[in-house]
file target38.json (JSON, C-alpha atoms)
[["chain", "number", "residue", "atom", "x", "y", "z"],
["R", 1, "LYS", "CA", 0.00, 0.00, 0.00],
["R", 2, "ALA", "CA", 1.53, 3.30, -1.07],
["R", 3, "GLY", "CA", 2.06, 5.89, 1.63],
["R", 4, "VAL", "CA", 1.24, 9.58, 1.61],
["R", 5, "THR", "CA", 2.93, 11.24, -1.35],
["R", 6, "GLN", "CA", 3.87, 14.89, -1.35],
["R", 7, "THR", "CA", 5.19, 16.90, -4.26],
["R", 8, "PRO", "CA", 7.42, 18.70, -4.77],
["R", 9, "ARG", "CA", 9.88, 17.58, -2.10],
["R", 10, "TYR", "CA", 11.95, 20.74, -2.30],
["R", 11, "LEU", "CA", 11.31, 24.15, -3.73],
["R", 12, "ILE", "CA", 12.72, 27.64, -3.56],
["R", 13, "LYS", "CA", 10.63, 30.75, -4.01],
["R", 14, "THR", "CA", 11.14, 34.46, -3.54],
["R", 15, "ARG", "CA", 9.15, 36.83, -1.39],
["R", 16, "GLY", "CA", 5.84, 37.83, -2.90],
["R", 17, "GLN", "CA", 5.48, 34.71, -5.01],
["R", 18, "GLN", "CA", 2.91, 32.05, -4.44],
["R", 19, "VAL", "CA", 3.30, 28.30, -4.14],
["R", 20, "THR", "CA", 1.11, 25.23, -4.50],
["R", 21, "LEU", "CA", 1.91, 21.97, -2.76],
["R", 22, "SER", "CA", 0.27, 18.67, -3.55],
["R", 23, "CYS", "CA", -0.62, 15.67, -1.42],
["R", 24, "SER", "CA", -1.92, 12.24, -2.40],
["R", 25, "PRO", "CA", -3.31, 10.38, 0.63],
["R", 26, "ILE", "CA", -3.22, 6.68, 1.27],
["R", 27, "SER", "CA", -5.80, 4.91, -0.84],
["R", 28, "GLY", "CA", -9.08, 4.80, 1.06],
["R", 29, "HIS", "CA", -8.18, 7.65, 3.40],
["R", 30, "ARG", "CA", -10.66, 10.46, 3.09],
["R", 31, "SER", "CA", -9.23, 12.97, 5.55],
["R", 32, "VAL", "CA", -6.19, 15.06, 4.69],
["R", 33, "SER", "CA", -4.51, 17.40, 7.15],
["R", 34, "TRP", "CA", -1.71, 19.87, 6.61],
["R", 35, "TYR", "CA", 0.92, 20.92, 9.11],
["R", 36, "GLN", "CA", 3.74, 23.44, 9.07],
["R", 37, "GLN", "CA", 6.96, 22.46, 10.79],
["R", 38, "THR", "CA", 9.62, 25.01, 11.74],
["R", 39, "PRO", "CA", 12.47, 24.85, 14.24],
["R", 40, "GLY", "CA", 10.97, 27.67, 16.26],
["R", 41, "GLN", "CA", 7.29, 26.77, 16.31],
["R", 42, "GLY", "CA", 7.42, 23.02, 15.87],
["R", 43, "LEU", "CA", 4.51, 21.26, 14.22],
["R", 44, "GLN", "CA", 1.49, 23.49, 13.78],
["R", 45, "PHE", "CA", -1.86, 22.51, 12.35],
["R", 46, "LEU", "CA", -2.90, 24.37, 9.20],
["R", 47, "PHE", "CA", -6.18, 22.78, 8.11],
["R", 48, "GLU", "CA", -8.00, 19.53, 7.51],
["R", 49, "TYR", "CA", -10.17, 18.45, 4.61],
["R", 50, "PHE", "CA", -12.72, 15.69, 4.42],
["R", 51, "SER", "CA", -14.99, 15.01, 1.46],
["R", 52, "GLU", "CA", -13.78, 18.15, -0.27],
["R", 53, "THR", "CA", -14.80, 20.30, 2.72],
["R", 54, "GLN", "CA", -12.57, 22.09, 5.17],
["R", 55, "ARG", "CA", -13.44, 20.69, 8.60],
["R", 56, "ASN", "CA", -10.83, 22.34, 10.80],
["R", 57, "LYS", "CA", -8.59, 25.34, 10.45],
["R", 58, "GLY", "CA", -5.57, 26.41, 12.44],
["R", 59, "ASN", "CA", -4.42, 29.90, 13.32],
["R", 60, "PHE", "CA", -2.78, 30.90, 10.08],
["R", 61, "PRO", "CA", -3.45, 33.98, 7.94],
["R", 62, "GLY", "CA", -5.70, 33.85, 4.91],
["R", 63, "ARG", "CA", -2.65, 33.62, 2.65],
["R", 64, "PHE", "CA", -2.69, 29.92, 3.48],
["R", 65, "SER", "CA", -5.44, 28.03, 1.75],
["R", 66, "GLY", "CA", -6.20, 24.55, 0.62],
["R", 67, "ARG", "CA", -8.62, 22.35, -1.18],
["R", 68, "GLN", "CA", -9.45, 18.70, -1.62],
["R", 69, "PHE", "CA", -10.53, 16.98, -4.78],
["R", 70, "SER", "CA", -13.10, 14.23, -5.26],
["R", 71, "ASN", "CA", -10.34, 11.61, -5.28],
["R", 72, "SER", "CA", -9.21, 12.89, -1.83],
["R", 73, "ARG", "CA", -6.02, 14.41, -3.21],
["R", 74, "SER", "CA", -5.32, 17.76, -1.65],
["R", 75, "GLU", "CA", -3.41, 20.90, -2.46],
["R", 76, "MET", "CA", -2.39, 23.79, -0.30],
["R", 77, "ASN", "CA", -1.49, 27.23, -1.53],
["R", 78, "VAL", "CA", 0.46, 30.02, 0.07],
["R", 79, "SER", "CA", 0.19, 33.41, -1.57],
["R", 80, "THR", "CA", 2.39, 36.47, -1.17],
["R", 81, "LEU", "CA", 5.18, 34.44, 0.36],
["R", 82, "GLU", "CA", 7.12, 35.82, 3.31],
["R", 83, "LEU", "CA", 10.52, 34.79, 4.62],
["R", 84, "GLY", "CA", 8.81, 33.30, 7.65],
["R", 85, "ASP", "CA", 6.91, 30.86, 5.47],
["R", 86, "SER", "CA", 10.10, 28.87, 4.99],
["R", 87, "ALA", "CA", 9.26, 25.53, 6.54],
["R", 88, "LEU", "CA", 8.61, 21.87, 6.03],
["R", 89, "TYR", "CA", 4.99, 21.42, 5.03],
["R", 90, "LEU", "CA", 3.63, 18.05, 6.02],
["R", 91, "CYS", "CA", 0.53, 16.36, 4.79],
["R", 92, "ALA", "CA", -1.15, 13.57, 6.72],
["R", 93, "SER", "CA", -4.06, 11.35, 5.88],
["R", 94, "SER", "CA", -6.38, 9.32, 8.05],
["R", 95, "GLN", "CA", -9.33, 7.06, 7.56],
["R", 96, "ASP", "CA", -11.63, 7.58, 10.52],
["R", 97, "ILE", "CA", -12.62, 11.03, 11.60],
["R", 98, "HIS", "CA", -15.77, 10.24, 13.52],
["R", 99, "SER", "CA", -14.20, 9.20, 16.77],
["R", 100, "GLY", "CA", -12.13, 12.33, 17.17],
["R", 101, "ALA", "CA", -9.15, 10.05, 17.57],
["R", 102, "ASN", "CA", -7.26, 9.38, 14.43],
["R", 103, "VAL", "CA", -3.95, 7.85, 13.53],
["R", 104, "LEU", "CA", -2.42, 10.24, 11.06],
["R", 105, "THR", "CA", 0.01, 8.90, 8.49],
["R", 106, "PHE", "CA", 2.40, 11.59, 7.36],
["R", 107, "GLY", "CA", 4.16, 12.13, 4.09],
["R", 108, "ALA", "CA", 7.83, 13.09, 3.85],
["R", 109, "GLY", "CA", 6.94, 16.75, 3.44],
["R", 110, "SER", "CA", 7.65, 19.58, 1.03],
["R", 111, "ARG", "CA", 10.59, 21.72, 2.06],
["R", 112, "LEU", "CA", 9.87, 25.34, 1.09],
["R", 113, "THR", "CA", 12.59, 27.96, 1.18],
["R", 114, "VAL", "CA", 11.61, 31.59, 0.67],
["R", 115, "LEU", "CA", 14.42, 33.96, -0.31],
["X", 1, "GLY", "CA", -3.83, 28.33, 26.16],
["X", 2, "GLU", "CA", -3.55, 24.71, 25.20],
["X", 3, "SER", "CA", -0.08, 23.28, 25.09],
["X", 4, "VAL", "CA", 1.68, 19.99, 24.94],
["X", 5, "GLY", "CA", 5.28, 20.24, 25.99],
["X", 6, "LEU", "CA", 8.26, 18.10, 26.72],
["X", 7, "HIS", "CA", 10.45, 18.30, 29.79],
["X", 8, "LEU", "CA", 13.74, 17.48, 28.05],
["X", 9, "PRO", "CA", 14.73, 18.73, 24.62],
["X", 10, "THR", "CA", 17.58, 16.21, 24.24],
["X", 11, "LEU", "CA", 18.23, 12.78, 25.61],
["X", 12, "SER", "CA", 21.39, 10.75, 25.15],
["X", 13, "VAL", "CA", 21.42, 7.06, 26.07],
["X", 14, "GLN", "CA", 23.73, 4.11, 25.66],
["X", 15, "GLU", "CA", 22.73, 1.37, 23.25],
["X", 16, "GLY", "CA", 20.88, -1.33, 25.13],
["X", 17, "ASP", "CA", 19.66, 0.97, 27.89],
["X", 18, "ASN", "CA", 16.04, 1.92, 28.35],
["X", 19, "SER", "CA", 14.89, 5.39, 27.33],
["X", 20, "ILE", "CA", 12.13, 7.46, 28.87],
["X", 21, "ILE", "CA", 10.74, 10.50, 27.09],
["X", 22, "ASN", "CA", 8.31, 12.69, 28.97],
["X", 23, "CYS", "CA", 5.51, 14.97, 27.93],
["X", 24, "ALA", "CA", 3.18, 17.30, 29.82],
["X", 25, "TYR", "CA", -0.16, 18.44, 28.53],
["X", 26, "SER", "CA", -2.43, 21.17, 29.82],
["X", 27, "ASN", "CA", -5.84, 20.42, 28.31],
["X", 28, "SER", "CA", -7.86, 18.32, 30.71],
["X", 29, "ALA", "CA", -10.29, 17.58, 27.89],
["X", 30, "SER", "CA", -7.64, 15.70, 25.93],
["X", 31, "ASP", "CA", -8.74, 12.12, 25.46],
["X", 32, "TYR", "CA", -6.31, 10.70, 22.96],
["X", 33, "PHE", "CA", -2.53, 10.83, 22.91],
["X", 34, "ILE", "CA", -0.06, 9.75, 20.30],
["X", 35, "TRP", "CA", 3.70, 9.40, 20.06],
["X", 36, "TYR", "CA", 5.44, 10.02, 16.77],
["X", 37, "LYS", "CA", 9.02, 9.46, 15.74],
["X", 38, "GLN", "CA", 10.64, 11.69, 13.15],
["X", 39, "GLU", "CA", 13.92, 10.77, 11.51],
["X", 40, "SER", "CA", 15.96, 13.27, 9.57],
["X", 41, "GLY", "CA", 14.43, 13.99, 6.18],
["X", 42, "LYS", "CA", 11.24, 12.10, 6.90],
["X", 43, "GLY", "CA", 7.78, 12.87, 8.13],
["X", 44, "PRO", "CA", 6.61, 11.84, 11.60],
["X", 45, "GLN", "CA", 5.97, 8.14, 11.96],
["X", 46, "PHE", "CA", 3.30, 6.75, 14.29],
["X", 47, "ILE", "CA", 4.70, 4.77, 17.21],
["X", 48, "ILE", "CA", 1.91, 4.16, 19.67],
["X", 49, "ASP", "CA", -1.26, 5.76, 20.95],
["X", 50, "ILE", "CA", -3.35, 5.67, 24.10],
["X", 51, "ARG", "CA", -6.84, 6.78, 24.99],
["X", 52, "SER", "CA", -7.69, 8.53, 28.21],
["X", 53, "ASN", "CA", -9.55, 5.52, 29.60],
["X", 54, "MET", "CA", -6.23, 3.67, 29.80],
["X", 55, "ASP", "CA", -3.14, 4.18, 31.97],
["X", 56, "LYS", "CA", -0.72, 2.05, 30.05],
["X", 57, "ARG", "CA", -0.32, 0.54, 26.65],
["X", 58, "GLN", "CA", 2.47, -1.62, 25.33],
["X", 59, "GLY", "CA", 3.80, -2.15, 21.86],
["X", 60, "GLN", "CA", 6.91, -3.73, 20.50],
["X", 61, "ARG", "CA", 9.72, -2.45, 22.74],
["X", 62, "VAL", "CA", 7.65, 0.65, 23.55],
["X", 63, "THR", "CA", 5.30, 1.46, 26.38],
["X", 64, "VAL", "CA", 3.22, 4.58, 26.84],
["X", 65, "LEU", "CA", 2.11, 5.62, 30.30],
["X", 66, "LEU", "CA", -0.62, 8.15, 30.94],
["X", 67, "ASN", "CA", -1.12, 9.90, 34.26],
["X", 68, "LYS", "CA", -4.25, 11.99, 33.97],
["X", 69, "THR", "CA", -3.96, 13.26, 37.53],
["X", 70, "VAL", "CA", -0.84, 15.24, 36.74],
["X", 71, "LYS", "CA", -1.47, 15.44, 32.99],
["X", 72, "HIS", "CA", 1.70, 13.60, 32.12],
["X", 73, "LEU", "CA", 2.56, 11.23, 29.33],
["X", 74, "SER", "CA", 5.70, 9.19, 28.87],
["X", 75, "LEU", "CA", 7.20, 6.95, 26.23],
["X", 76, "GLN", "CA", 9.46, 4.16, 27.34],
["X", 77, "ILE", "CA", 11.72, 2.44, 24.82],
["X", 78, "ALA", "CA", 13.28, -0.81, 25.95],
["X", 79, "ALA", "CA", 16.75, -1.87, 24.86],
["X", 80, "THR", "CA", 17.32, 1.30, 22.87],
["X", 81, "GLN", "CA", 19.00, 0.77, 19.52],
["X", 82, "PRO", "CA", 20.90, 3.16, 17.23],
["X", 83, "GLY", "CA", 17.92, 3.07, 14.87],
["X", 84, "ASP", "CA", 15.84, 4.66, 17.61],
["X", 85, "SER", "CA", 17.81, 7.89, 17.25],
["X", 86, "ALA", "CA", 15.28, 10.49, 16.15],
["X", 87, "VAL", "CA", 13.08, 13.30, 17.41],
["X", 88, "TYR", "CA", 10.07, 12.09, 19.35],
["X", 89, "PHE", "CA", 6.85, 14.08, 19.52],
["X", 90, "CYS", "CA", 3.85, 13.64, 21.72],
["X", 91, "ALA", "CA", 0.55, 14.87, 20.37],
["X", 92, "GLU", "CA", -2.93, 15.22, 21.72],
["X", 93, "ASN", "CA", -6.41, 15.18, 20.37],
["X", 94, "SER", "CA", -9.43, 16.16, 22.38],
["X", 95, "ILE", "CA", -13.16, 16.17, 22.01],
["X", 96, "TYR", "CA", -12.77, 19.78, 20.90],
["X", 97, "ASN", "CA", -10.31, 18.93, 18.16],
["X", 98, "GLN", "CA", -12.05, 16.57, 15.83],
["X", 99, "GLY", "CA", -10.43, 14.65, 13.07],
["X", 100, "GLY", "CA", -6.94, 15.42, 11.95],
["X", 101, "LYS", "CA", -6.16, 18.34, 14.23],
["X", 102, "LEU", "CA", -3.43, 17.31, 16.60],
["X", 103, "ILE", "CA", -1.56, 19.52, 19.03],
["X", 104, "PHE", "CA", 2.09, 18.55, 19.04],
["X", 105, "GLY", "CA", 4.73, 19.01, 21.67],
["X", 106, "GLN", "CA", 8.05, 20.58, 20.82],
["X", 107, "GLY", "CA", 9.86, 17.28, 20.53],
["X", 108, "THR", "CA", 12.73, 15.49, 22.25],
["X", 109, "GLU", "CA", 15.80, 14.47, 20.33],
["X", 110, "LEU", "CA", 16.97, 10.99, 21.30],
["X", 111, "SER", "CA", 20.58, 10.16, 20.60],
["X", 112, "VAL", "CA", 21.73, 6.56, 21.04],
["X", 113, "LYS", "CA", 25.43, 5.99, 21.60],
["X", 114, "PRO", "CA", 26.81, 2.67, 20.33]]

call {"tool": "encode", "arguments": {"input": "target38.json", "output": "C-alpha coordinates"}}
result
Amino acid sequence: KAGVTQTPRYLIKTRGQQVTLSCSPISGHRSVSWYQQTPGQGLQFLFEYFSETQRNKGNFPGRFSGRQFSNSRSEMNVSTLELGDSALYLCASSQDIHSGANVLTFGAGSRLTVL
Amino acid sequence: GESVGLHLPTLSVQEGDNSIINCAYSNSASDYFIWYKQESGKGPQFIIDIRSNMDKRQGQRVTVLLNKTVKHLSLQIAATQPGDSAVYFCAENSIYNQGGKLIFGQGTELSVKP
(Lines of atoms letter the chains of each structure in order from A and count residues from 1; the text may use other names and numbers.)
(Lines give C-alpha, C1' and ligand atoms only; values in the text may rest on other atoms or scores of the structure.)
Protein backbone atom coordinates (compact mmCIF):
# COMPACT_ATOMS: atom_id res chain seq x y z
CA LYS A 1 0.00 0.00 0.00
CA ALA A 2 1.53 3.30 -1.07
CA GLY A 3 2.06 5.89 1.63
CA VAL A 4 1.24 9.58 1.61
CA THR A 5 2.93 11.24 -1.35
CA GLN A 6 3.87 14.89 -1.35
CA THR A 7 5.19 16.90 -4.26
CA PRO A 8 7.42 18.70 -4.77
CA ARG A 9 9.88 17.58 -2.10
CA TYR A 10 11.95 20.74 -2.30
CA LEU A 11 11.31 24.15 -3.73
CA ILE A 12 12.72 27.64 -3.56
CA LYS A 13 10.63 30.75 -4.01
CA THR A 14 11.14 34.46 -3.54
CA ARG A 15 9.15 36.83 -1.39
CA GLY A 16 5.84 37.83 -2.90
CA GLN A 17 5.48 34.71 -5.01
CA GLN A 18 2.91 32.05 -4.44
CA VAL A 19 3.30 28.30 -4.14
CA THR A 20 1.11 25.23 -4.50
CA LEU A 21 1.91 21.97 -2.76
CA SER A 22 0.27 18.67 -3.55
CA CYS A 23 -0.62 15.67 -1.42
CA SER A 24 -1.92 12.24 -2.40
CA PRO A 25 -3.31 10.38 0.63
CA ILE A 26 -3.22 6.68 1.27
CA SER A 27 -5.80 4.91 -0.84
CA GLY A 28 -9.08 4.80 1.06
CA HIS A 29 -8.18 7.65 3.40
CA ARG A 30 -10.66 10.46 3.09
CA SER A 31 -9.23 12.97 5.55
CA VAL A 32 -6.19 15.06 4.69
CA SER A 33 -4.51 17.40 7.15
CA TRP A 34 -1.71 19.87 6.61
CA TYR A 35 0.92 20.92 9.11
CA GLN A 36 3.74 23.44 9.07
CA GLN A 37 6.96 22.46 10.79
CA THR A 38 9.62 25.01 11.74
CA PRO A 39 12.47 24.85 14.24
CA GLY A 40 10.97 27.67 16.26
CA GLN A 41 7.29 26.77 16.31
CA GLY A 42 7.42 23.02 15.87
CA LEU A 43 4.51 21.26 14.22
CA GLN A 44 1.49 23.49 13.78
CA PHE A 45 -1.86 22.51 12.35
CA LEU A 46 -2.90 24.37 9.20
CA PHE A 47 -6.18 22.78 8.11
CA GLU A 48 -8.00 19.53 7.51
CA TYR A 49 -10.17 18.45 4.61
CA PHE A 50 -12.72 15.69 4.42
CA SER A 51 -14.99 15.01 1.46
CA GLU A 52 -13.78 18.15 -0.27
CA THR A 53 -14.80 20.30 2.72
CA GLN A 54 -12.57 22.09 5.17
CA ARG A 55 -13.44 20.69 8.60
CA ASN A 56 -10.83 22.34 10.80
CA LYS A 57 -8.59 25.34 10.45
CA GLY A 58 -5.57 26.41 12.44
CA ASN A 59 -4.42 29.90 13.32
CA PHE A 60 -2.78 30.90 10.08
CA PRO A 61 -3.45 33.98 7.94
CA GLY A 62 -5.70 33.85 4.91
CA ARG A 63 -2.65 33.62 2.65
CA PHE A 64 -2.69 29.92 3.48
CA SER A 65 -5.44 28.03 1.75
CA GLY A 66 -6.20 24.55 0.62
CA ARG A 67 -8.62 22.35 -1.18
CA GLN A 68 -9.45 18.70 -1.62
CA PHE A 69 -10.53 16.98 -4.78
CA SER A 70 -13.10 14.23 -5.26
CA ASN A 71 -10.34 11.61 -5.28
CA SER A 72 -9.21 12.89 -1.83
CA ARG A 73 -6.02 14.41 -3.21
CA SER A 74 -5.32 17.76 -1.65
CA GLU A 75 -3.41 20.90 -2.46
CA MET A 76 -2.39 23.79 -0.30
CA ASN A 77 -1.49 27.23 -1.53
CA VAL A 78 0.46 30.02 0.07
CA SER A 79 0.19 33.41 -1.57
CA THR A 80 2.39 36.47 -1.17
CA LEU A 81 5.18 34.44 0.36
CA GLU A 82 7.12 35.82 3.31
CA LEU A 83 10.52 34.79 4.62
CA GLY A 84 8.81 33.30 7.65
CA ASP A 85 6.91 30.86 5.47
CA SER A 86 10.10 28.87 4.99
CA ALA A 87 9.26 25.53 6.54
CA LEU A 88 8.61 21.87 6.03
CA TYR A 89 4.99 21.42 5.03
CA LEU A 90 3.63 18.05 6.02
CA CYS A 91 0.53 16.36 4.79
CA ALA A 92 -1.15 13.57 6.72
CA SER A 93 -4.06 11.35 5.88
CA SER A 94 -6.38 9.32 8.05
CA GLN A 95 -9.33 7.06 7.56
CA ASP A 96 -11.63 7.58 10.52
CA ILE A 97 -12.62 11.03 11.60
CA HIS A 98 -15.77 10.24 13.52
CA SER A 99 -14.20 9.20 16.77
CA GLY A 100 -12.13 12.33 17.17
CA ALA A 101 -9.15 10.05 17.57
CA ASN A 102 -7.26 9.38 14.43
CA VAL A 103 -3.95 7.85 13.53
CA LEU A 104 -2.42 10.24 11.06
CA THR A 105 0.01 8.90 8.49
CA PHE A 106 2.40 11.59 7.36
CA GLY A 107 4.16 12.13 4.09
CA ALA A 108 7.83 13.09 3.85
CA GLY A 109 6.94 16.75 3.44
CA SER A 110 7.65 19.58 1.03
CA ARG A 111 10.59 21.72 2.06
CA LEU A 112 9.87 25.34 1.09
CA THR A 113 12.59 27.96 1.18
CA VAL A 114 11.61 31.59 0.67
CA LEU A 115 14.42 33.96 -0.31
CA GLY B 1 -3.83 28.33 26.16
CA GLU B 2 -3.55 24.71 25.20
CA SER B 3 -0.08 23.28 25.09
CA VAL B 4 1.68 19.99 24.94
CA GLY B 5 5.28 20.24 25.99
CA LEU B 6 8.26 18.10 26.72
CA HIS B 7 10.45 18.30 29.79
CA LEU B 8 13.74 17.48 28.05
CA PRO B 9 14.73 18.73 24.62
CA THR B 10 17.58 16.21 24.24
CA LEU B 11 18.23 12.78 25.61
CA SER B 12 21.39 10.75 25.15
CA VAL B 13 21.42 7.06 26.07
CA GLN B 14 23.73 4.11 25.66
CA GLU B 15 22.73 1.37 23.25
CA GLY B 16 20.88 -1.33 25.13
CA ASP B 17 19.66 0.97 27.89
CA ASN B 18 16.04 1.92 28.35
CA SER B 19 14.89 5.39 27.33
CA ILE B 20 12.13 7.46 28.87
CA ILE B 21 10.74 10.50 27.09
CA ASN B 22 8.31 12.69 28.97
CA CYS B 23 5.51 14.97 27.93
CA ALA B 24 3.18 17.30 29.82
CA TYR B 25 -0.16 18.44 28.53
CA SER B 26 -2.43 21.17 29.82
CA ASN B 27 -5.84 20.42 28.31
CA SER B 28 -7.86 18.32 30.71
CA ALA B 29 -10.29 17.58 27.89
CA SER B 30 -7.64 15.70 25.93
CA ASP B 31 -8.74 12.12 25.46
CA TYR B 32 -6.31 10.70 22.96
CA PHE B 33 -2.53 10.83 22.91
CA ILE B 34 -0.06 9.75 20.30
CA TRP B 35 3.70 9.40 20.06
CA TYR B 36 5.44 10.02 16.77
CA LYS B 37 9.02 9.46 15.74
CA GLN B 38 10.64 11.69 13.15
CA GLU B 39 13.92 10.77 11.51
CA SER B 40 15.96 13.27 9.57
CA GLY B 41 14.43 13.99 6.18
CA LYS B 42 11.24 12.10 6.90
CA GLY B 43 7.78 12.87 8.13
CA PRO B 44 6.61 11.84 11.60
CA GLN B 45 5.97 8.14 11.96
CA PHE B 46 3.30 6.75 14.29
CA ILE B 47 4.70 4.77 17.21
CA ILE B 48 1.91 4.16 19.67
CA ASP B 49 -1.26 5.76 20.95
CA ILE B 50 -3.35 5.67 24.10
CA ARG B 51 -6.84 6.78 24.99
CA SER B 52 -7.69 8.53 28.21
CA ASN B 53 -9.55 5.52 29.60
CA MET B 54 -6.23 3.67 29.80
CA ASP B 55 -3.14 4.18 31.97
CA LYS B 56 -0.72 2.05 30.05
CA ARG B 57 -0.32 0.54 26.65
CA GLN B 58 2.47 -1.62 25.33
CA GLY B 59 3.80 -2.15 21.86
CA GLN B 60 6.91 -3.73 20.50
CA ARG B 61 9.72 -2.45 22.74
CA VAL B 62 7.65 0.65 23.55
CA THR B 63 5.30 1.46 26.38
CA VAL B 64 3.22 4.58 26.84
CA LEU B 65 2.11 5.62 30.30
CA LEU B 66 -0.62 8.15 30.94
CA ASN B 67 -1.12 9.90 34.26
CA LYS B 68 -4.25 11.99 33.97
CA THR B 69 -3.96 13.26 37.53
CA VAL B 70 -0.84 15.24 36.74
CA LYS B 71 -1.47 15.44 32.99
CA HIS B 72 1.70 13.60 32.12
CA LEU B 73 2.56 11.23 29.33
CA SER B 74 5.70 9.19 28.87
CA LEU B 75 7.20 6.95 26.23
CA GLN B 76 9.46 4.16 27.34
CA ILE B 77 11.72 2.44 24.82
CA ALA B 78 13.28 -0.81 25.95
CA ALA B 79 16.75 -1.87 24.86
CA THR B 80 17.32 1.30 22.87
CA GLN B 81 19.00 0.77 19.52
CA PRO B 82 20.90 3.16 17.23
CA GLY B 83 17.92 3.07 14.87
CA ASP B 84 15.84 4.66 17.61
CA SER B 85 17.81 7.89 17.25
CA ALA B 86 15.28 10.49 16.15
CA VAL B 87 13.08 13.30 17.41
CA TYR B 88 10.07 12.09 19.35
CA PHE B 89 6.85 14.08 19.52
CA CYS B 90 3.85 13.64 21.72
CA ALA B 91 0.55 14.87 20.37
CA GLU B 92 -2.93 15.22 21.72
CA ASN B 93 -6.41 15.18 20.37
CA SER B 94 -9.43 16.16 22.38
CA ILE B 95 -13.16 16.17 22.01
CA TYR B 96 -12.77 19.78 20.90
CA ASN B 97 -10.31 18.93 18.16
CA GLN B 98 -12.05 16.57 15.83
CA GLY B 99 -10.43 14.65 13.07
CA GLY B 100 -6.94 15.42 11.95
CA LYS B 101 -6.16 18.34 14.23
CA LEU B 102 -3.43 17.31 16.60
CA ILE B 103 -1.56 19.52 19.03
CA PHE B 104 2.09 18.55 19.04
CA GLY B 105 4.73 19.01 21.67
CA GLN B 106 8.05 20.58 20.82
CA GLY B 107 9.86 17.28 20.53
CA THR B 108 12.73 15.49 22.25
CA GLU B 109 15.80 14.47 20.33
CA LEU B 110 16.97 10.99 21.30
CA SER B 111 20.58 10.16 20.60
CA VAL B 112 21.73 6.56 21.04
CA LYS B 113 25.43 5.99 21.60
CA PRO B 114 26.81 2.67 20.33

call {"tool": "closest_atom_pairs", "arguments": {"input": "target38.json", "of": "chain X", "to": "chain R", "cutoff": "9 Å", "atoms": "only C-alpha atoms", "output": "Markdown table"}}
result
| residue | atom | partner | partner_atom | distance |
| --- | --- | --- | --- | --- |
| X:Asp31 | CA | R:Ala101 | CA | 8.2 |
| X:Tyr32 | CA | R:Ala101 | CA | 6.1 |
| X:Phe33 | CA | R:Ala101 | CA | 8.5 |
| X:Ile34 | CA | R:Val103 | CA | 8.0 |
| X:Gly41 | CA | R:Ala108 | CA | 7.1 |
| X:Lys42 | CA | R:Ala108 | CA | 4.7 |
| X:Gly43 | CA | R:Ala108 | CA | 4.3 |
| X:Pro44 | CA | R:Phe106 | CA | 6.0 |
| X:Gln45 | CA | R:Phe106 | CA | 6.8 |
| X:Phe46 | CA | R:Thr105 | CA | 7.0 |
| X:Asp49 | CA | R:Val103 | CA | 8.2 |
| X:Arg51 | CA | R:Ala101 | CA | 8.4 |
| X:Asn93 | CA | R:Ala101 | CA | 6.5 |
| X:Ser94 | CA | R:Gly100 | CA | 7.0 |
| X:Ile95 | CA | R:Gly100 | CA | 6.3 |
| X:Tyr96 | CA | R:Gly100 | CA | 8.4 |
| X:Asn97 | CA | R:Gly100 | CA | 6.9 |
| X:Gln98 | CA | R:Gly100 | CA | 4.4 |
| X:Gly99 | CA | R:Ile97 | CA | 4.5 |
| X:Gly100 | CA | R:Ser33 | CA | 5.7 |
| X:Lys101 | CA | R:Phe45 | CA | 6.3 |
| X:Leu102 | CA | R:Phe45 | CA | 6.9 |
| X:Ile103 | CA | R:Gln44 | CA | 7.3 |
| X:Phe104 | CA | R:Leu43 | CA | 6.0 |
| X:Gly105 | CA | R:Gly42 | CA | 7.5 |
| X:Gln106 | CA | R:Gly42 | CA | 5.6 |
| X:Gly107 | CA | R:Gly42 | CA | 7.8 |

call {"tool": "atom_distance", "arguments": {"input": "target38.json", "atom1": "atom CA of Met54 of chain X", "atom2": "atom CA of Asn67 of chain X"}}
result
9.2 Å

call {"tool": "atom_distance", "arguments": {"input": "target38.json", "atom1": "atom CA of Val62 of chain X", "atom2": "atom CA of Ala78 of chain X"}}
result
6.3 Å

call {"tool": "residues_near_point", "arguments": {"input": "target38.json", "point": "(14.4, 4.2, 23.0)", "cutoff": "9 Å", "atoms": "all atoms listed in the file", "output": "JSON, numbers by chain"}}
result
{"X": [13, 15, 16, 17, 18, 19, 20, 21, 61, 62, 75, 76, 77, 78, 79, 80, 81, 82, 83, 84, 85, 110, 111, 112]}

call {"tool": "residues_around", "arguments": {"input": "target38.json", "residues": "Lys56 of chain X", "least_positions_apart": "3", "cutoff": "9 Å", "atoms": "all atoms listed in the file", "output": "count of residues only"}}
result
6

call {"tool": "atom_distance", "arguments": {"input": "target38.json", "atom1": "atom CA of Val78 of chain R", "atom2": "atom CA of Val114 of chain R"}}
result
11.3 Å

call {"tool": "residues_around", "arguments": {"input": "target38.json", "residues": "segment 15-17 of chain R", "least_positions_apart": "3", "cutoff": "6 Å", "atoms": "all atoms listed in the file", "output": "list in words"}}
result
Thr80, Leu81 and Glu82 of chain R

call {"tool": "axis_aligned_box", "arguments": {"input": "target38.json", "around": "segment 4-9 of chain R", "padding_each_side": "4 Å", "output": "JSON"}}
result
{"center_x": 5.6, "center_y": 14.1, "center_z": -1.6, "size_x": 16.6, "size_y": 17.1, "size_z": 14.4}

call {"tool": "closest_residue", "arguments": {"input": "target38.json", "among": "R:Asn77, R:Thr38, R:Gln6, R:Ser51", "to": "Ser24 of chain R", "atoms": "all atoms listed in the file"}}
result
R:Gln6
